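Peer 1: This structure is in C-alpha cells; I'll ask about it shortly.
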Amino acid sequence: MRVYVNQKPVDLVPGMQVRHALIQAGKMAAIAAGLKVYDEWGHELGLDGGLAPGMKILVK
C-alpha cells in the first residue's frame with residue numbers, strides 16, 4: 001500500500017504502522033528531535049497508529 005509522508009510516496013506492506021512509514025521515509029530522527037506526526041486534517045498521530053492506503057501524514 002502507498003502512503004505519503006510530507007508528500008513523499010512510501011510503499012509499505014498492509015498492516016504496517018505510522019512508525020514504519022516514518023522509518024521508510026527517513027523521518028525518525030526528526031521525531032527523536034521532538035517533532036510530531038499529524039494526519040492531513042491536523043490531528044496528531046501516535047507512532048503505533050494504523051495506516052490506510054493513500055493516507056497523508058506530516059512531520060512538523
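Each chain in the C-alpha cells gets a letter, A, B, ..., in the order shown, and its residues are numbered from 1; ligands are numbered from 1 in order too.
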Just asking: which residues within chain A are alpha helix (DSSP H) according to DSSP, as a VMD selection string?
Peer 2: chain A and resid 18 to 25 28 to 32
Peer 1: Any chance you can output those residues with C-alpha atoms as a PDB file, in the first residue's frame?
Peer 2:
ATOM      1  CA  VAL A  18       2.865   5.060  11.365  1.00  0.00           C
ATOM      2  CA  ARG A  19       6.288   4.209  12.828  1.00  0.00           C
ATOM      3  CA  HIS A  20       7.122   2.018   9.813  1.00  0.00           C
ATOM      4  CA  ALA A  21       6.181   4.760   7.345  1.00  0.00           C
ATOM      5  CA  LEU A  22       8.433   7.221   9.174  1.00  0.00           C
ATOM      6  CA  ILE A  23      11.339   4.779   9.206  1.00  0.00           C
ATOM      7  CA  GLN A  24      10.917   4.137   5.480  1.00  0.00           C
ATOM      8  CA  ALA A  25      10.787   7.892   4.786  1.00  0.00           C
ATOM      9  CA  MET A  28      12.639   9.056  12.746  1.00  0.00           C
ATOM     10  CA  ALA A  29      15.491  11.450  13.569  1.00  0.00           C
ATOM     11  CA  ALA A  30      13.022  14.340  13.312  1.00  0.00           C
ATOM     12  CA  ILE A  31      10.679  12.549  15.726  1.00  0.00           C
ATOM     13  CA  ALA A  32      13.562  11.954  18.141  1.00  0.00           C
TER      14      ALA A  32
END
Peer 1: List the neighbours of range 44-55 of chain A out to 8 Å using only C-alpha atoms; skip same-chain residues closer than 6 positions along the sequence, and give me the result as a count of residues only.
Peer 2: 12
Peer 1: In terms of the shortest atom-to-atom distance over only C-alpha atoms, which of A:Leu35, A:Trp41, A:Pro14, A:Pro9 is closest to Val59 in chain A?
Peer 2: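 Nearest to Val59 in chain A: A:Leu35.
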Peer 1: Taking the backbone alone, and naming residues the way the document does, which bits of chain A are strand (DSSP E) by DSSP, as an NGL selection string?
Peer 2: :A and (2-5 or 8-11 or 37-39 or 44-45 or 56-59)
Peer 1: Output N, CA and C atoms for every residue in the selection just made, as a PDB file, in the first residue's frame.
Peer 2:
ATOM      1  N   ARG A   2       0.383   2.285  -0.567  1.00  0.00           N
ATOM      2  CA  ARG A   2       1.150   3.530  -0.651  1.00  0.00           C
ATOM      3  C   ARG A   2       0.545   4.573   0.279  1.00  0.00           C
ATOM      4  N   VAL A   3       1.404   5.195   1.095  1.00  0.00           N
ATOM      5  CA  VAL A   3       1.029   6.336   1.927  1.00  0.00           C
ATOM      6  C   VAL A   3       1.998   7.463   1.594  1.00  0.00           C
ATOM      7  N   TYR A   4       1.729   8.636   2.097  1.00  0.00           N
ATOM      8  CA  TYR A   4       2.575   9.799   1.800  1.00  0.00           C
ATOM      9  C   TYR A   4       3.053  10.420   3.103  1.00  0.00           C
ATOM     10  N   VAL A   5       4.365  10.607   3.204  1.00  0.00           N
ATOM     11  CA  VAL A   5       4.972  11.259   4.366  1.00  0.00           C
ATOM     12  C   VAL A   5       5.574  12.561   3.869  1.00  0.00           C
ATOM     13  N   LYS A   8       5.910  12.748   0.192  1.00  0.00           N
ATOM     14  CA  LYS A   8       6.779  11.757  -0.441  1.00  0.00           C
ATOM     15  C   LYS A   8       6.079  10.393  -0.392  1.00  0.00           C
ATOM     16  N   PRO A   9       5.915   9.732  -1.545  1.00  0.00           N
ATOM     17  CA  PRO A   9       5.257   8.422  -1.519  1.00  0.00           C
ATOM     18  C   PRO A   9       6.133   7.368  -0.837  1.00  0.00           C
ATOM     19  N   VAL A  10       5.500   6.557  -0.004  1.00  0.00           N
ATOM     20  CA  VAL A  10       6.176   5.477   0.709  1.00  0.00           C
ATOM     21  C   VAL A  10       5.341   4.215   0.517  1.00  0.00           C
ATOM     22  N   ASP A  11       5.953   3.163   0.008  1.00  0.00           N
ATOM     23  CA  ASP A  11       5.250   1.898  -0.203  1.00  0.00           C
ATOM     24  C   ASP A  11       5.512   0.960   0.966  1.00  0.00           C
ATOM     25  N   VAL A  37       3.823  13.956  14.608  1.00  0.00           N
ATOM     26  CA  VAL A  37       3.221  13.432  13.388  1.00  0.00           C
ATOM     27  C   VAL A  37       1.736  13.788  13.375  1.00  0.00           C
ATOM     28  N   TYR A  38       1.259  14.283  12.224  1.00  0.00           N
ATOM     29  CA  TYR A  38      -0.133  14.681  12.073  1.00  0.00           C
ATOM     30  C   TYR A  38      -0.703  14.087  10.790  1.00  0.00           C
ATOM     31  N   ASP A  39      -2.011  13.903  10.768  1.00  0.00           N
ATOM     32  CA  ASP A  39      -2.654  13.489   9.530  1.00  0.00           C
ATOM     33  C   ASP A  39      -2.958  14.743   8.702  1.00  0.00           C
ATOM     34  N   GLU A  44      -3.087  14.895  15.610  1.00  0.00           N
ATOM     35  CA  GLU A  44      -1.832  14.245  15.978  1.00  0.00           C
ATOM     36  C   GLU A  44      -1.994  12.724  15.950  1.00  0.00           C
ATOM     37  N   LEU A  45      -0.981  12.038  15.431  1.00  0.00           N
ATOM     38  CA  LEU A  45      -0.995  10.583  15.337  1.00  0.00           C
ATOM     39  C   LEU A  45       0.052   9.990  16.257  1.00  0.00           C
ATOM     40  N   LYS A  56      -2.182  10.498   4.110  1.00  0.00           N
ATOM     41  CA  LYS A  56      -1.145  11.537   4.075  1.00  0.00           C
ATOM     42  C   LYS A  56      -0.793  11.905   5.503  1.00  0.00           C
ATOM     43  N   ILE A  57       0.486  11.752   5.864  1.00  0.00           N
ATOM     44  CA  ILE A  57       0.931  12.130   7.197  1.00  0.00           C
ATOM     45  C   ILE A  57       2.040  13.169   7.070  1.00  0.00           C
ATOM     46  N   LEU A  58       2.085  14.057   8.047  1.00  0.00           N
ATOM     47  CA  LEU A  58       3.040  15.166   8.044  1.00  0.00           C
ATOM     48  C   LEU A  58       3.861  15.150   9.323  1.00  0.00           C
ATOM     49  N   VAL A  59       5.135  15.426   9.192  1.00  0.00           N
ATOM     50  CA  VAL A  59       6.024  15.559  10.343  1.00  0.00           C
ATOM     51  C   VAL A  59       6.324  17.036  10.461  1.00  0.00           C
TER      52      VAL A  59
END
